[in-house]
Structures are given as C-alpha cells and as structure tokens.
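First up is the structure itself, then whatever we jot down about it.
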Amino acid sequence: MVLLLKWDSDSWAAYIDFETEITDKLTGAVAGRYENFEEYGTTLDWKGSATYHYNDTVLIDLEASYTFADHYTVTVGGQNIFDEYPDKEGDGTLQYLGDVYAVTSPFGFNGAFWYARLSASF
C-alpha cells in the first residue's frame, strides 16, 4: 500500500518586534505578526509588554529554635538580616505623596526585623 499526499499551499508571514528602554529600569515592547494563508485567509496578531527591572538584592531570613523540658521552645531569628532596602521610588508623583521606596518592590521597605519568642505546648 502506498499513501501519497500532496500539499500545495501558498502562505507568507511577516513579524516585527520593537523594544525600547523607557527609563533606566523600565523596558517597553510591542510586536506584531501578519500571516496570509491561501486556505484560511489572513491574521494580524500583536502584543505589548513592559518589564520593570528591580535590583539584584537577595533577602535572607534566619531562625533557630531550642526545645527544653519537653514543653518549652525558645526561638530567635531575623528577617532581612543584612538590612537590605529596595530601590528608591522613581516616580516623582509618588515621591511627592511621600513614597520613599518603590511601591512595586517585591520586598518590604522596613529593613531588618529581629525577634525572640518563647512558646509552651502541653
């Protein structure tokens, strides 16, 4: 048995992608694709995107616990133990309203936080 398939189709496409740095931390992009298929017609698809570049800070939290007398646990620890802060707010309007650090930051702006805890379980 021989199976013979013949596909004769004309199609073409064009794609363009434009990306630019809007500020030193914000990049914007727009892209479009036009396709012409003989069998299906034409399509025009597009997309837009924006990327905000945060700093490369790594936050480290640390906690240690010790249980004694079978019921008591003492815990000491810290969040953001190296006291890192996010980037300063770059938007002048938000600065005027009192925002010192970027409101879109993926981490808080209070610096390091240290704590001690004593718990009992019976």
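Numbering starts fresh at 1 for the residues of each chain in the structure tokens, the chains themselves are lettered A, B, ... in the order given, and ligands are numbered from 1 as they appear.
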Do you know which residues are at most 10 Å from A:Asp17 counting only C-alpha atoms, after dropping those on the same chain fewer than 4 positions away, and could you put them as a PDB file with N, CA and C atoms, in the first residue's frame?
```pdb
ATOM      1  N   ALA A  29       7.852  47.014  25.119  1.00  0.00           N
ATOM      2  CA  ALA A  29       7.975  46.292  23.849  1.00  0.00           C
ATOM      3  C   ALA A  29       6.614  46.172  23.190  1.00  0.00           C
ATOM      4  N   VAL A  30       6.624  46.147  21.874  1.00  0.00           N
ATOM      5  CA  VAL A  30       5.422  45.880  21.087  1.00  0.00           C
ATOM      6  C   VAL A  30       5.856  45.016  19.898  1.00  0.00           C
ATOM      7  N   ALA A  31       5.022  44.056  19.571  1.00  0.00           N
ATOM      8  CA  ALA A  31       5.357  43.144  18.469  1.00  0.00           C
ATOM      9  C   ALA A  31       4.092  42.839  17.675  1.00  0.00           C
ATOM     10  N   GLY A  32       4.271  42.555  16.403  1.00  0.00           N
ATOM     11  CA  GLY A  32       3.140  42.215  15.545  1.00  0.00           C
ATOM     12  C   GLY A  32       3.527  41.154  14.539  1.00  0.00           C
ATOM     13  N   ARG A  33       2.534  40.348  14.150  1.00  0.00           N
ATOM     14  CA  ARG A  33       2.756  39.299  13.154  1.00  0.00           C
ATOM     15  C   ARG A  33       1.578  39.280  12.202  1.00  0.00           C
ATOM     16  N   TRP A  46      -0.932  40.897  17.615  1.00  0.00           N
ATOM     17  CA  TRP A  46       0.036  41.809  18.212  1.00  0.00           C
ATOM     18  C   TRP A  46       0.055  41.621  19.718  1.00  0.00           C
ATOM     19  N   LYS A  47       1.107  42.133  20.332  1.00  0.00           N
ATOM     20  CA  LYS A  47       1.217  42.103  21.795  1.00  0.00           C
ATOM     21  C   LYS A  47       2.042  43.294  22.246  1.00  0.00           C
ATOM     22  N   GLY A  48       1.814  43.691  23.473  1.00  0.00           N
ATOM     23  CA  GLY A  48       2.593  44.749  24.091  1.00  0.00           C
ATOM     24  C   GLY A  48       3.032  44.281  25.463  1.00  0.00           C
TER      25      GLY A  48
END
```
field: Which residue of A:Ile22, A:Ala64, A:Val58, A:Leu118 approaches A:Asp83 most closely, using only C-alpha atoms
entry: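 Nearest candidate to A:Asp83 out of A:Ile22, A:Ala64, A:Val58, A:Leu118: A:Val58.
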- request: Could you jot down the atom CA of A:Arg117 to atom CA of A:Phe68 separation for me, Å, one decimal place?
  value: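 Separation of atom CA of A:Arg117 and atom CA of A:Phe68: 13.6 Å.
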Nearest to A:His71, chosen from A:Phe113, A:Phe122, A:Tyr96, A:Phe107, with only C-alpha atoms counted in the distances: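 Of all the options, A:Phe122 lies closest to A:His71.
Omitting A:Ile81 and its sequence neighbours fewer than 6 positions away, and counting only C-alpha atoms, the residues within 10 Å are Leu59, Ile60, Asp61, Leu62, Gly111, Ala112, Phe113 and Trp114 of chain A.
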Residues from the last selection, N, CA and C atoms, saved as a PDB file, in the first residue's frame:
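again.pdb was written with the following content:
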```
ATOM      1  N   LEU A  59      17.327  38.673  49.812  1.00  0.00           N
ATOM      2  CA  LEU A  59      16.945  38.795  51.217  1.00  0.00           C
ATOM      3  C   LEU A  59      17.125  37.451  51.897  1.00  0.00           C
ATOM      4  N   ILE A  60      17.656  37.481  53.113  1.00  0.00           N
ATOM      5  CA  ILE A  60      17.877  36.243  53.854  1.00  0.00           C
ATOM      6  C   ILE A  60      17.211  36.354  55.221  1.00  0.00           C
ATOM      7  N   ASP A  61      16.380  35.369  55.531  1.00  0.00           N
ATOM      8  CA  ASP A  61      15.744  35.233  56.839  1.00  0.00           C
ATOM      9  C   ASP A  61      16.416  34.073  57.559  1.00  0.00           C
ATOM     10  N   LEU A  62      16.507  34.165  58.882  1.00  0.00           N
ATOM     11  CA  LEU A  62      17.177  33.138  59.661  1.00  0.00           C
ATOM     12  C   LEU A  62      16.410  32.939  60.961  1.00  0.00           C
ATOM     13  N   GLY A 111      13.545  47.382  56.389  1.00  0.00           N
ATOM     14  CA  GLY A 111      14.862  46.906  56.792  1.00  0.00           C
ATOM     15  C   GLY A 111      14.777  45.616  57.590  1.00  0.00           C
ATOM     16  N   ALA A 112      15.800  45.382  58.404  1.00  0.00           N
ATOM     17  CA  ALA A 112      15.878  44.139  59.180  1.00  0.00           C
ATOM     18  C   ALA A 112      14.850  44.135  60.308  1.00  0.00           C
ATOM     19  N   PHE A 113      14.416  42.925  60.661  1.00  0.00           N
ATOM     20  CA  PHE A 113      13.477  42.739  61.772  1.00  0.00           C
ATOM     21  C   PHE A 113      13.982  41.562  62.597  1.00  0.00           C
ATOM     22  N   TRP A 114      14.246  41.792  63.878  1.00  0.00           N
ATOM     23  CA  TRP A 114      14.765  40.758  64.765  1.00  0.00           C
ATOM     24  C   TRP A 114      13.711  40.413  65.803  1.00  0.00           C
TER      25      TRP A 114
END
```
field: Near-A:Asn36 list (7 Å; only C-alpha atoms; drop same-chain fewer than 5 positions) as a VMD selection string
entry: chain A and resid 11 to 13 41 to 43
Expected answer as a short mmCIF file (atom, residue, chain, number, x, y, z; two decimals) with C-alpha atoms, in the first residue's frame: strand (DSSP E) residues in stretch 49-79 of chain A:
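New file part_28.cif:
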```cif
data_model
loop_
_atom_site.label_atom_id
_atom_site.label_comp_id
_atom_site.auth_asym_id
_atom_site.auth_seq_id
_atom_site.Cartn_x
_atom_site.Cartn_y
_atom_site.Cartn_z
CA SER A 49 4.64 44.32 27.24
CA ALA A 50 6.51 46.24 29.91
CA THR A 51 9.25 44.98 32.21
CA TYR A 52 10.42 46.70 35.37
CA LEU A 62 17.18 33.14 59.66
CA GLU A 63 15.54 31.37 62.61
CA ALA A 64 16.82 28.98 65.29
CA SER A 65 14.80 27.14 67.94
CA TYR A 66 15.70 25.14 71.00
CA THR A 67 13.24 22.94 72.92
CA PHE A 68 13.82 22.19 76.59
CA TYR A 72 9.12 24.89 76.12
CA THR A 73 10.70 26.27 72.97
CA VAL A 74 12.77 29.40 72.69
CA THR A 75 13.22 30.86 69.22
CA VAL A 76 15.38 33.72 67.97
CA GLY A 77 15.52 34.95 64.43
CA GLY A 78 15.62 37.73 61.94
CA GLN A 79 14.02 38.69 58.67
#
```
I want to know what sits within 8 Å of A:Gly108, based on only C-alpha atoms, with residues of the same chain fewer than 2 positions away left out; could you give that as a CSV table (one decimal) with N, CA and C atoms, in the first residue's frame?
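Result went into selection01.csv, see below:
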```
chain,number,residue,atom,x,y,z
A,85,TYR,N,17.4,47.2,51.5
A,85,TYR,CA,16.3,48.1,51.2
A,85,TYR,C,16.0,48.0,49.7
A,86,PRO,N,14.8,48.2,49.2
A,86,PRO,CA,14.5,48.3,47.8
A,86,PRO,C,15.0,49.6,47.2
A,105,SER,N,8.0,47.2,44.7
A,105,SER,CA,9.1,46.4,45.1
A,105,SER,C,8.6,45.0,45.5
A,106,PRO,N,9.3,44.0,45.2
A,106,PRO,CA,8.9,42.6,45.7
A,106,PRO,C,9.2,42.3,47.1
A,110,ASN,N,11.1,48.1,55.4
A,110,ASN,CA,11.4,48.4,56.8
A,110,ASN,C,12.7,47.9,57.3
A,111,GLY,N,13.5,47.4,56.4
A,111,GLY,CA,14.9,46.9,56.8
A,111,GLY,C,14.8,45.6,57.6
```
- request: Quick one: pull the distance between atom CA of A:Tyr34 and atom CA of A:Ala14, Å, one decimal.
  value: 5.3 Å
